[in-house]
Structures are given as C-alpha cells and as structure tokens.
>>> print(open('coords.cif').read())   # mmCIF, C-alpha atoms and all ligand atoms
data_work
loop_
_atom_site.group_PDB
_atom_site.id
_atom_site.type_symbol
_atom_site.label_atom_id
_atom_site.label_comp_id
_atom_site.auth_asym_id
_atom_site.auth_seq_id
_atom_site.Cartn_x
_atom_site.Cartn_y
_atom_site.Cartn_z
ATOM 1 C CA MET N 1 0.000 0.000 0.000
ATOM 2 C CA GLY N 2 1.303 3.461 -0.873
ATOM 3 C CA ASP N 3 1.001 6.758 0.993
ATOM 4 C CA ALA N 4 -2.467 7.419 2.314
ATOM 5 C CA LEU N 5 -4.372 10.074 0.406
ATOM 6 C CA ARG N 6 -7.117 12.364 1.633
ATOM 7 C CA ILE N 7 -10.000 11.924 -0.784
ATOM 8 C CA GLY N 8 -13.029 14.217 -0.870
ATOM 9 C CA ILE N 9 -16.110 12.762 -2.534
ATOM 10 C CA VAL N 10 -18.939 14.913 -3.881
ATOM 11 C CA GLY N 11 -21.904 12.680 -4.613
ATOM 12 C CA ALA N 12 -22.047 9.652 -2.349
ATOM 13 C CA GLY N 13 -24.532 7.496 -4.237
ATOM 14 C CA HIS N 14 -23.874 4.356 -6.245
ATOM 15 C CA ILE N 15 -20.511 5.378 -7.649
ATOM 16 C CA GLY N 16 -19.315 7.753 -4.912
ATOM 17 C CA GLY N 17 -20.363 5.427 -2.090
ATOM 18 C CA THR N 18 -18.837 2.367 -3.742
ATOM 19 C CA ALA N 19 -15.588 4.201 -4.496
ATOM 20 C CA ALA N 20 -15.478 5.448 -0.897
ATOM 21 C CA LYS N 21 -15.598 1.862 0.340
ATOM 22 C CA LEU N 22 -12.790 0.810 -2.008
ATOM 23 C CA PHE N 23 -10.635 3.834 -1.140
ATOM 24 C CA VAL N 24 -10.986 3.213 2.589
ATOM 25 C CA GLY N 25 -10.199 -0.467 2.006
ATOM 26 C CA ALA N 26 -6.955 0.619 0.355
ATOM 27 C CA GLY N 27 -5.999 2.662 3.433
ATOM 28 C CA HIS N 28 -7.055 6.144 2.305
ATOM 29 C CA GLN N 29 -9.091 8.679 4.264
ATOM 30 C CA VAL N 30 -12.344 9.864 2.751
ATOM 31 C CA THR N 31 -14.822 12.657 3.353
ATOM 32 C CA VAL N 32 -18.129 12.010 1.629
ATOM 33 C CA SER N 33 -20.754 14.631 0.797
ATOM 34 C CA ASN N 34 -24.106 14.885 -0.944
ATOM 35 C CA SER N 35 -26.895 17.398 -1.419
ATOM 36 C CA ARG N 36 -28.959 16.433 1.642
ATOM 37 C CA GLY N 37 -26.270 16.992 4.245
ATOM 38 C CA PRO N 38 -23.878 14.937 6.392
ATOM 39 C CA GLU N 39 -26.599 13.488 8.674
ATOM 40 C CA SER N 40 -28.073 11.652 5.702
ATOM 41 C CA LEU N 41 -24.718 9.875 5.251
ATOM 42 C CA ALA N 42 -24.462 8.576 8.820
ATOM 43 C CA SER N 43 -25.066 4.929 7.955
ATOM 44 C CA LEU N 44 -22.617 5.019 5.035
ATOM 45 C CA VAL N 45 -19.956 6.580 7.265
ATOM 46 C CA ALA N 46 -20.620 4.013 10.001
ATOM 47 C CA SER N 47 -20.175 1.207 7.482
ATOM 48 C CA LEU N 48 -16.912 2.730 6.232
ATOM 49 C CA GLY N 49 -15.319 2.974 9.665
ATOM 50 C CA PRO N 50 -12.855 5.401 11.252
ATOM 51 C CA LYS N 51 -11.155 6.503 8.049
ATOM 52 C CA ALA N 52 -14.390 8.110 6.831
ATOM 53 C CA ARG N 53 -16.467 11.115 7.741
ATOM 54 C CA ALA N 54 -19.241 13.124 6.141
ATOM 55 C CA ALA N 55 -19.316 16.847 5.446
ATOM 56 C CA ILE N 56 -20.920 19.395 3.173
ATOM 57 C CA PRO N 57 -19.453 19.492 -0.371
ATOM 58 C CA PRO N 58 -17.124 22.513 0.097
ATOM 59 C CA GLU N 59 -15.579 20.858 3.163
ATOM 60 C CA ALA N 60 -15.135 17.565 1.339
ATOM 61 C CA ILE N 61 -13.307 19.430 -1.436
ATOM 62 C CA ARG N 62 -11.102 21.338 1.021
ATOM 63 C CA PHE N 63 -10.277 18.025 2.725
ATOM 64 C CA GLY N 64 -9.175 16.228 -0.429
ATOM 65 C CA ASP N 65 -5.792 16.033 -2.091
ATOM 66 C CA VAL N 66 -7.959 14.215 -4.603
ATOM 67 C CA VAL N 67 -11.659 14.967 -5.155
ATOM 68 C CA LEU N 68 -14.051 12.517 -6.804
ATOM 69 C CA LEU N 69 -16.970 14.156 -8.622
ATOM 70 C CA ALA N 70 -19.860 11.707 -8.739
ATOM 71 C CA VAL N 71 -23.043 13.738 -8.957
ATOM 72 C CA PRO N 72 -25.526 13.458 -11.833
ATOM 73 C CA TRP N 73 -24.241 15.447 -14.806
ATOM 74 C CA ARG N 74 -27.391 17.575 -14.918
ATOM 75 C CA ARG N 75 -26.547 18.828 -11.424
ATOM 76 C CA LYS N 76 -22.911 19.713 -12.028
ATOM 77 C CA GLU N 77 -23.643 23.454 -12.009
ATOM 78 C CA GLU N 78 -24.574 23.012 -8.340
ATOM 79 C CA LEU N 79 -21.004 21.957 -7.509
ATOM 80 C CA PRO N 80 -19.196 24.360 -5.175
ATOM 81 C CA ALA N 81 -17.290 27.389 -6.468
ATOM 82 C CA ALA N 82 -14.454 26.805 -8.918
ATOM 83 C CA ASP N 83 -11.823 28.377 -6.631
ATOM 84 C CA LEU N 84 -12.145 25.521 -4.159
ATOM 85 C CA PHE N 85 -10.759 23.162 -6.775
ATOM 86 C CA THR N 86 -7.583 25.157 -7.369
ATOM 87 C CA GLY N 87 -4.640 22.741 -7.503
ATOM 88 C CA LYS N 88 -6.790 19.731 -6.586
ATOM 89 C CA ILE N 89 -6.703 16.521 -8.543
ATOM 90 C CA ALA N 90 -10.370 16.228 -9.516
ATOM 91 C CA ILE N 91 -11.632 12.908 -10.857
ATOM 92 C CA ASP N 92 -14.636 13.365 -13.124
ATOM 93 C CA ALA N 93 -16.767 10.221 -13.014
ATOM 94 C CA MET N 94 -19.807 11.976 -14.461
ATOM 95 C CA ASN N 95 -21.445 10.940 -17.709
ATOM 96 C CA ALA N 96 -23.477 13.421 -19.711
ATOM 97 C CA TYR N 97 -26.981 12.014 -19.391
ATOM 98 C CA SER N 98 -30.070 14.192 -19.289
ATOM 99 C CA ALA N 99 -32.776 13.789 -16.653
ATOM 100 C CA VAL N 100 -34.536 11.279 -18.921
ATOM 101 C CA GLY N 101 -31.369 9.257 -19.531
ATOM 102 C CA ARG N 102 -30.540 10.612 -22.973
ATOM 103 C CA VAL N 103 -26.880 11.246 -23.836
ATOM 104 C CA GLU N 104 -26.369 15.000 -24.209
ATOM 105 C CA ASP N 105 -25.096 16.244 -27.571
ATOM 106 C CA LEU N 106 -21.938 18.217 -26.783
ATOM 107 C CA GLY N 107 -20.904 18.710 -30.401
ATOM 108 C CA GLU N 108 -17.150 18.463 -30.912
ATOM 109 C CA GLY N 109 -16.490 18.738 -27.196
ATOM 110 C CA THR N 110 -16.515 16.095 -24.496
ATOM 111 C CA SER N 111 -18.163 16.076 -21.103
ATOM 112 C CA SER N 112 -14.953 16.323 -19.082
ATOM 113 C CA GLU N 113 -13.889 19.338 -21.124
ATOM 114 C CA GLU N 114 -17.140 20.950 -20.012
ATOM 115 C CA VAL N 115 -16.255 20.100 -16.424
ATOM 116 C CA ALA N 116 -12.750 21.520 -16.945
ATOM 117 C CA LYS N 117 -14.305 24.823 -18.068
ATOM 118 C CA ARG N 118 -16.334 24.857 -14.866
ATOM 119 C CA MET N 119 -13.155 24.434 -12.707
ATOM 120 C CA PRO N 120 -10.233 25.686 -14.814
ATOM 121 C CA LYS N 121 -7.647 25.474 -12.021
ATOM 122 C CA ALA N 122 -8.385 21.855 -11.115
ATOM 123 C CA ARG N 123 -6.068 19.108 -12.303
ATOM 124 C CA LEU N 124 -8.833 17.180 -13.996
ATOM 125 C CA VAL N 125 -8.714 13.465 -14.728
ATOM 126 C CA LYS N 126 -11.631 11.623 -16.276
ATOM 127 C CA ALA N 127 -11.983 8.191 -14.659
ATOM 128 C CA PHE N 128 -14.514 5.719 -13.228
ATOM 129 C CA ASN N 129 -16.926 6.580 -16.063
ATOM 130 C CA THR N 130 -17.307 3.366 -18.022
ATOM 131 C CA MET N 131 -17.787 0.757 -15.286
ATOM 132 C CA GLY N 132 -21.196 0.154 -13.727
ATOM 133 C CA TRP N 133 -21.221 0.539 -9.976
ATOM 134 C CA LYS N 134 -22.073 -3.126 -9.324
ATOM 135 C CA THR N 135 -18.985 -4.209 -11.249
ATOM 136 C CA LEU N 136 -16.951 -1.641 -9.341
ATOM 137 C CA GLU N 137 -18.318 -3.012 -6.087
ATOM 138 C CA THR N 138 -17.525 -6.648 -6.834
ATOM 139 C CA GLY N 139 -14.828 -6.603 -9.540
ATOM 140 C CA SER N 140 -11.707 -5.892 -7.512
ATOM 141 C CA ARG N 141 -9.018 -8.557 -7.956
ATOM 142 C CA PRO N 142 -5.575 -9.182 -6.422
ATOM 143 C CA LYS N 143 -2.477 -8.163 -8.343
ATOM 144 C CA GLY N 144 -1.350 -10.795 -10.802
ATOM 145 C CA GLU N 145 -4.876 -11.914 -11.629
ATOM 146 C CA ASP N 146 -6.631 -10.730 -14.766
ATOM 147 C CA ARG N 147 -7.842 -7.450 -13.425
ATOM 148 C CA LEU N 148 -10.712 -5.452 -14.909
ATOM 149 C CA ALA N 149 -9.867 -2.155 -16.569
ATOM 150 C CA ILE N 150 -10.737 1.244 -15.187
ATOM 151 C CA PHE N 151 -9.959 3.906 -17.764
ATOM 152 C CA LEU N 152 -8.530 7.344 -17.214
ATOM 153 C CA ALA N 153 -7.871 10.345 -19.428
ATOM 154 C CA GLY N 154 -6.457 13.817 -18.943
ATOM 155 C CA ASP N 155 -3.860 16.387 -19.850
ATOM 156 C CA ASP N 156 -1.930 16.447 -16.539
ATOM 157 C CA ARG N 157 0.493 13.504 -16.486
ATOM 158 C CA GLU N 158 1.295 13.711 -12.802
ATOM 159 C CA ALA N 159 -2.376 13.879 -11.817
ATOM 160 C CA LYS N 160 -3.059 10.885 -14.045
ATOM 161 C CA SER N 161 -0.269 8.906 -12.365
ATOM 162 C CA VAL N 162 -1.809 9.591 -8.934
ATOM 163 C CA VAL N 163 -5.215 8.404 -10.170
ATOM 164 C CA ALA N 164 -3.687 5.374 -11.927
ATOM 165 C CA LYS N 165 -1.993 4.348 -8.664
ATOM 166 C CA LEU N 166 -5.276 4.730 -6.812
ATOM 167 C CA ILE N 167 -7.033 2.511 -9.366
ATOM 168 C CA GLU N 168 -4.348 -0.164 -8.992
ATOM 169 C CA GLU N 169 -4.537 0.039 -5.194
ATOM 170 C CA ILE N 170 -8.251 -0.766 -5.230
ATOM 171 C CA GLY N 171 -7.724 -3.846 -7.374
ATOM 172 C CA PHE N 172 -8.240 -2.783 -10.971
ATOM 173 C CA ALA N 173 -5.999 -2.199 -14.001
ATOM 174 C CA ALA N 174 -5.530 1.471 -14.858
ATOM 175 C CA ILE N 175 -5.702 2.018 -18.613
ATOM 176 C CA ASP N 176 -4.867 5.457 -19.988
ATOM 177 C CA THR N 177 -7.019 6.396 -22.975
ATOM 178 C CA GLY N 178 -5.153 9.653 -23.674
ATOM 179 C CA SER N 179 -5.906 13.371 -23.471
ATOM 180 C CA LEU N 180 -9.024 14.867 -21.954
ATOM 181 C CA ARG N 181 -10.456 15.390 -25.451
ATOM 182 C CA GLU N 182 -9.427 12.256 -27.356
ATOM 183 C CA GLY N 183 -9.107 9.946 -24.374
ATOM 184 C CA GLY N 184 -12.279 11.393 -22.913
ATOM 185 C CA ARG N 185 -14.155 10.705 -26.119
ATOM 186 C CA ARG N 186 -13.034 7.054 -25.993
ATOM 187 C CA GLN N 187 -14.785 6.703 -22.613
ATOM 188 C CA GLN N 188 -18.081 8.363 -23.437
ATOM 189 C CA PRO N 189 -21.438 6.534 -23.483
ATOM 190 C CA GLY N 190 -21.810 4.514 -26.670
ATOM 191 C CA SER N 191 -18.078 3.885 -27.115
ATOM 192 C CA PRO N 192 -16.855 0.265 -27.439
ATOM 193 C CA ILE N 193 -15.333 0.323 -23.931
ATOM 194 C CA TYR N 194 -18.379 1.864 -22.252
ATOM 195 C CA GLY N 195 -20.394 -0.237 -19.827
ATOM 196 C CA ARG N 196 -18.594 -3.520 -20.520
ATOM 197 C CA PRO N 197 -16.459 -5.264 -17.919
ATOM 198 C CA LEU N 198 -13.151 -5.741 -19.752
ATOM 199 C CA THR N 199 -9.877 -7.225 -18.612
ATOM 200 C CA ALA N 200 -6.807 -5.109 -19.307
ATOM 201 C CA PRO N 201 -5.756 -7.150 -22.391
ATOM 202 C CA GLN N 202 -9.305 -7.024 -23.794
ATOM 203 C CA ALA N 203 -9.414 -3.279 -23.196
ATOM 204 C CA ARG N 204 -6.050 -2.694 -24.900
ATOM 205 C CA ASP N 205 -7.168 -4.762 -27.906
ATOM 206 C CA ILE N 206 -10.284 -2.657 -28.359
ATOM 207 C CA LEU N 207 -8.413 0.624 -27.976
ATOM 208 C CA ARG N 208 -5.692 -0.369 -30.467
HETATM 209 N N1 LIG S 1 -24.302 4.282 -11.600
HETATM 210 C C1 LIG S 1 -23.257 3.862 -12.307
HETATM 211 O O1 LIG S 1 -23.074 2.653 -12.499
HETATM 212 C C2 LIG S 1 -22.281 4.866 -12.871
HETATM 213 C C3 LIG S 1 -21.122 4.412 -13.495
HETATM 214 C C4 LIG S 1 -20.156 5.328 -13.943
HETATM 215 C C5 LIG S 1 -20.389 6.689 -13.792
HETATM 216 N N2 LIG S 1 -21.544 7.118 -13.227
HETATM 217 C C6 LIG S 1 -21.747 8.585 -13.097
HETATM 218 O O2 LIG S 1 -21.576 8.899 -11.730
HETATM 219 C C7 LIG S 1 -22.444 9.978 -11.367
HETATM 220 C C8 LIG S 1 -23.265 9.527 -10.176
HETATM 221 O O3 LIG S 1 -24.060 8.426 -10.557
HETATM 222 P P1 LIG S 1 -24.715 7.485 -9.438
HETATM 223 O O4 LIG S 1 -25.318 6.357 -10.158
HETATM 224 O O5 LIG S 1 -23.749 7.253 -8.338
HETATM 225 O O6 LIG S 1 -25.898 8.447 -8.934
HETATM 226 P P2 LIG S 1 -26.717 8.337 -7.579
HETATM 227 O O7 LIG S 1 -26.652 6.992 -6.997
HETATM 228 O O8 LIG S 1 -28.055 8.951 -7.882
HETATM 229 O O9 LIG S 1 -25.923 9.341 -6.607
HETATM 230 C C9 LIG S 1 -25.805 10.692 -6.882
HETATM 231 C C10 LIG S 1 -25.189 11.370 -5.685
HETATM 232 O O10 LIG S 1 -24.966 12.739 -6.022
HETATM 233 C C11 LIG S 1 -25.458 13.531 -4.947
HETATM 234 N N3 LIG S 1 -25.795 14.853 -5.420
HETATM 235 C C12 LIG S 1 -26.753 15.218 -6.312
HETATM 236 N N4 LIG S 1 -26.731 16.553 -6.480
HETATM 237 C C13 LIG S 1 -25.748 17.030 -5.692
HETATM 238 C C14 LIG S 1 -25.256 18.320 -5.436
HETATM 239 N N5 LIG S 1 -25.750 19.398 -6.048
HETATM 240 N N6 LIG S 1 -24.239 18.451 -4.544
HETATM 241 C C15 LIG S 1 -23.727 17.360 -3.920
HETATM 242 N N7 LIG S 1 -24.153 16.106 -4.135
HETATM 243 C C16 LIG S 1 -25.156 15.960 -5.013
HETATM 244 C C17 LIG S 1 -26.637 12.763 -4.413
HETATM 245 O O11 LIG S 1 -26.935 13.214 -3.130
HETATM 246 P P3 LIG S 1 -28.436 13.377 -2.639
HETATM 247 O O12 LIG S 1 -29.030 12.001 -2.727
HETATM 248 O O13 LIG S 1 -28.294 13.896 -1.238
HETATM 249 O O14 LIG S 1 -29.084 14.351 -3.590
HETATM 250 C C18 LIG S 1 -26.067 11.346 -4.441
HETATM 251 O O15 LIG S 1 -25.249 11.121 -3.312
HETATM 252 C C19 LIG S 1 -23.280 10.283 -12.600
HETATM 253 O O16 LIG S 1 -22.771 11.431 -13.251
HETATM 254 C C20 LIG S 1 -23.157 9.053 -13.463
HETATM 255 O O17 LIG S 1 -23.258 9.333 -14.851
HETATM 256 C C21 LIG S 1 -22.482 6.253 -12.751
#
>>> encode(input="coords.cif", output="structure tokens")
Amino acid sequence: MGDALRIGIVGAGHIGGTAAKLFVGAGHQVTVSNSRGPESLASLVASLGPKARAAIPPEAIRFGDVVLLAVPWRRKEELPAADLFTGKIAIDAMNAYSAVGRVEDLGEGTSSEEVAKRMPKARLVKAFNTMGWKTLETGSRPKGEDRLAIFLAGDDREAKSVVAKLIEEIGFAAIDTGSLREGGRRQQPGSPIYGRPLTAPQARDILR
C-alpha cells in the first residue's frame, strides 16, 4: 500500500459510495458529501469505519488532495465554487446524461472538457466513467490476476499517475485512454469500452 491520500467525494450514491468503500479499504481517508447533508450519510460513514467522515461538499473538497466528482451530470452546475478546486486533482466520473437518460449532444467537445471549463484550475482526470457501480463493487481482484480495466484520461500527467496508482490500489488495471479530449471521447457513453467489464488485455485490444 502506498502513501495514504485524503480523498473528498462529492456525490455519495452508487458510484461515490462504492468508491469510498474501495478507497478506505486501500488505506485512504475519505470525506463524503451529498446534497442532503452529512446526517443523511451517517449509515454510510458508520459502514466505512474510522477513516471516513461526512461533510458538506465545500468541506469535502477542502479536505481532499484528490476529489471525486460523482453527482448526476445535470446537477454539475450546483457543484461548489471553482476556486475551491484550485490545484486539486479532480476525478470526473460523471457521464453526460439528461434527466430522462438521454446522452447530451456536446458537439465536438466532451463532457470532461465541459467540467474543466467549470473548474479551470483543477487538475482534472476523467476516470470511473465506463464501469457500472455493481462491477466496481464486486470486480476488484488481487495483483497478478486478470484485473478489470478502469480507464482514465487527462492532460496532466502527474495527476493521471496519482489516479492510476489509486485505481491499482483498489484492485483494478488502470488504462490510460489519452488526453481529456481524445481519451475522454473514448470513454463516453456509446463507445466500445463503455459499460462492458473488460480485462486489461481485452481493453487494450479494443483501444488499439
Ligand atoms: N451508476 C453507475 O453505475 C455509474 C457508473 C459510472 C459513472 N456514473 C456517473 O456517476 C455519477 C453519479 O451516478 P450514481 O449512479 O452514483 O448516482 P446516484 O446513486 O443517484 O448518486 C448521486 C449522488 O450525487 C449527490 N448529489 C446530487 N446533487 C448534488 C449536489 N448538487 N451536490 C452534492 N451532491 C449531489 C446525491 O446526493 P443526494 O441524494 O443527497 O441528492 C447522491 O449522493 C453520474 O454522473 C453518473 O453518470 C455512474
């Protein structure tokens, strides 16, 4: 296990809550947050143990060296002020679905580029987008076994290496799909790697 990180999580539902459990299991400290307030997260925090606490979103962001964004895309404008993200490694797990589950048409752009515009001083990495939460919950495997791929993309190499290490620590294979634009596009809904549990060799084959 590497150095323990402080991870702030905004959106503690299926993806955020599942990731919190995996991060704590890997020895990291987490602060989870949602829209209804810390009291509503009491049972999640109790299940996570002493390395976890709940807070309001701005506090969770201040707490984190790394911040996981896992709120519904349509609510991303409700995220706390951009300044709070300055210098933070922000993981964008959000997929651009509308309220009725339709994929938003973002033209030439990609969803994480939209998020990057919203927080220009964050060190943004797109990751945890393509895997369903149930697979995330149950798919962790020891090193050496055929691990399932979790993809990441971004323009900040150092931030990507931190996120890749985190992915490996929780029992998955980190596969870099490239820049925020091109790599991000490869992870979007409808792409061949989206929503399919893939081992690392299978994932590399498809991306080639
Ligand atoms: N579900 C999956 O398998 C999956 C896989 C990959 C990526 N994703 C992406 O991950 C994101 C979350 O999906 P999910 O399935 O985990 O959704 P979910 O179970 O509905 O959880 C959403 C969480 O976001 C919180 N939230 C909503 N608005 C907020 C706000 N303004 N400020 C702070 N927290 C807020 C909710 O808190 P309250 O309940 O208190 O409102 C809840 O904790 C989505 O963008 C989705 O596309 C999902």
>>> residues_around(input="coords.cif", residues="Leu48 (chain N)", least_positions_apart="6", cutoff="12 Å", atoms="all atoms listed in the file", output="list of chain:residue names")
N:Gly17, N:Thr18, N:Ala19, N:Ala20, N:Lys21, N:Leu22, N:Phe23, N:Val24, N:Gly25, N:Ala26, N:Gly27, N:His28, N:Gln29, N:Val30, N:Thr31, N:Val32, N:Leu41, N:Ala42, N:Ala54
>>> residues_near_ligand(input="coords.cif", ligand="ligand LIG 1 (chain S)", cutoff="10 Å", atoms="all atoms listed in the file", output="VMD selection string")
chain N and resid 9 to 19 32 to 38 40 to 41 56 to 58 68 to 80 92 to 98 101 103 127 to 137 189 194 to 195
>>> resolve_selection(input="coords.cif", expression="the PyMOL selection byres (((chain N and resi 84) around 8) and not hetatm)", output="ChimeraX atom specification")
/N:58,61-62,80-83,85-86
>>> write_last_selection(input="coords.cif", atoms="C-alpha atoms", output="short mmCIF file (atom, residue, chain, number, x, y, z; two decimals), in the coordinates of the input")
data_model
loop_
_atom_site.label_atom_id
_atom_site.label_comp_id
_atom_site.auth_asym_id
_atom_site.auth_seq_id
_atom_site.Cartn_x
_atom_site.Cartn_y
_atom_site.Cartn_z
CA PRO N 58 -17.12 22.51 0.10
CA ILE N 61 -13.31 19.43 -1.44
CA ARG N 62 -11.10 21.34 1.02
CA PRO N 80 -19.20 24.36 -5.18
CA ALA N 81 -17.29 27.39 -6.47
CA ALA N 82 -14.45 26.80 -8.92
CA ASP N 83 -11.82 28.38 -6.63
CA PHE N 85 -10.76 23.16 -6.78
CA THR N 86 -7.58 25.16 -7.37
#
>>> closest_residue(input="coords.cif", among="N:Ala174, N:Asp65, N:Ala164, N:Lys143", to="Ala122 (chain N)", atoms="all atoms listed in the file")
N:Asp65
>>> resolve_selection(input="coords.cif", expression="the PyMOL selection byres (((chain N and resi 145-152) around 10) and not hetatm)", output="PDB file with C-alpha atoms, in the frame of the given file")
ATOM      1  CA  ILE N  91     -11.632  12.908 -10.857  1.00  0.00           C
ATOM      2  CA  ASP N  92     -14.636  13.365 -13.124  1.00  0.00           C
ATOM      3  CA  ALA N  93     -16.767  10.221 -13.014  1.00  0.00           C
ATOM      4  CA  VAL N 125      -8.714  13.465 -14.728  1.00  0.00           C
ATOM      5  CA  LYS N 126     -11.631  11.623 -16.276  1.00  0.00           C
ATOM      6  CA  ALA N 127     -11.983   8.191 -14.659  1.00  0.00           C
ATOM      7  CA  PHE N 128     -14.514   5.719 -13.228  1.00  0.00           C
ATOM      8  CA  ASN N 129     -16.926   6.580 -16.063  1.00  0.00           C
ATOM      9  CA  THR N 130     -17.307   3.366 -18.022  1.00  0.00           C
ATOM     10  CA  MET N 131     -17.787   0.757 -15.286  1.00  0.00           C
ATOM     11  CA  THR N 135     -18.985  -4.209 -11.249  1.00  0.00           C
ATOM     12  CA  LEU N 136     -16.951  -1.641  -9.341  1.00  0.00           C
ATOM     13  CA  GLY N 139     -14.828  -6.603  -9.540  1.00  0.00           C
ATOM     14  CA  SER N 140     -11.707  -5.892  -7.512  1.00  0.00           C
ATOM     15  CA  ARG N 141      -9.018  -8.557  -7.956  1.00  0.00           C
ATOM     16  CA  PRO N 142      -5.575  -9.182  -6.422  1.00  0.00           C
ATOM     17  CA  LYS N 143      -2.477  -8.163  -8.343  1.00  0.00           C
ATOM     18  CA  GLY N 144      -1.350 -10.795 -10.802  1.00  0.00           C
ATOM     19  CA  ALA N 153      -7.871  10.345 -19.428  1.00  0.00           C
ATOM     20  CA  GLY N 154      -6.457  13.817 -18.943  1.00  0.00           C
ATOM     21  CA  LYS N 160      -3.059  10.885 -14.045  1.00  0.00           C
ATOM     22  CA  SER N 161      -0.269   8.906 -12.365  1.00  0.00           C
ATOM     23  CA  VAL N 163      -5.215   8.404 -10.170  1.00  0.00           C
ATOM     24  CA  ALA N 164      -3.687   5.374 -11.927  1.00  0.00           C
ATOM     25  CA  ILE N 167      -7.033   2.511  -9.366  1.00  0.00           C
ATOM     26  CA  GLU N 168      -4.348  -0.164  -8.992  1.00  0.00           C
ATOM     27  CA  GLY N 171      -7.724  -3.846  -7.374  1.00  0.00           C
ATOM     28  CA  PHE N 172      -8.240  -2.783 -10.971  1.00  0.00           C
ATOM     29  CA  ALA N 173      -5.999  -2.199 -14.001  1.00  0.00           C
ATOM     30  CA  ALA N 174      -5.530   1.471 -14.858  1.00  0.00           C
ATOM     31  CA  ILE N 175      -5.702   2.018 -18.613  1.00  0.00           C
ATOM     32  CA  ASP N 176      -4.867   5.457 -19.988  1.00  0.00           C
ATOM     33  CA  THR N 177      -7.019   6.396 -22.975  1.00  0.00           C
ATOM     34  CA  GLY N 178      -5.153   9.653 -23.674  1.00  0.00           C
ATOM     35  CA  SER N 179      -5.906  13.371 -23.471  1.00  0.00           C
ATOM     36  CA  LEU N 180      -9.024  14.867 -21.954  1.00  0.00           C
ATOM     37  CA  GLY N 183      -9.107   9.946 -24.374  1.00  0.00           C
ATOM     38  CA  GLY N 184     -12.279  11.393 -22.913  1.00  0.00           C
ATOM     39  CA  ARG N 186     -13.034   7.054 -25.993  1.00  0.00           C
ATOM     40  CA  GLN N 187     -14.785   6.703 -22.613  1.00  0.00           C
ATOM     41  CA  ILE N 193     -15.333   0.323 -23.931  1.00  0.00           C
ATOM     42  CA  TYR N 194     -18.379   1.864 -22.252  1.00  0.00           C
ATOM     43  CA  ARG N 196     -18.594  -3.520 -20.520  1.00  0.00           C
ATOM     44  CA  PRO N 197     -16.459  -5.264 -17.919  1.00  0.00           C
ATOM     45  CA  LEU N 198     -13.151  -5.741 -19.752  1.00  0.00           C
ATOM     46  CA  THR N 199      -9.877  -7.225 -18.612  1.00  0.00           C
ATOM     47  CA  ALA N 200      -6.807  -5.109 -19.307  1.00  0.00           C
ATOM     48  CA  PRO N 201      -5.756  -7.150 -22.391  1.00  0.00           C
ATOM     49  CA  GLN N 202      -9.305  -7.024 -23.794  1.00  0.00           C
ATOM     50  CA  ALA N 203      -9.414  -3.279 -23.196  1.00  0.00           C
ATOM     51  CA  ARG N 204      -6.050  -2.694 -24.900  1.00  0.00           C
TER      52      ARG N 204
END
>>> closest_residue(input="coords.cif", among="N:Arg185, N:Lys165, N:Arg123, N:Arg208", to="Leu5 (chain N)", atoms="only C-alpha atoms")
N:Lys165
>>> atom_distance(input="coords.cif", atom1="CA of Leu124 (chain N)", atom2="CA of Ser47 (chain N)")
29.1 Å
>>> closest_residue(input="coords.cif", among="N:Arg181, N:Lys88, N:Arg102, N:Lys121", to="Gly64 (chain N)", atoms="only C-alpha atoms")
N:Lys88
>>> atom_distance(input="coords.cif", atom1="CA of Glu158 (chain N)", atom2="CA of Met119 (chain N)")
18.0 Å
>>> atom_distance(input="coords.cif", atom1="CA of Phe63 (chain N)", atom2="CA of Val115 (chain N)")
20.2 Å
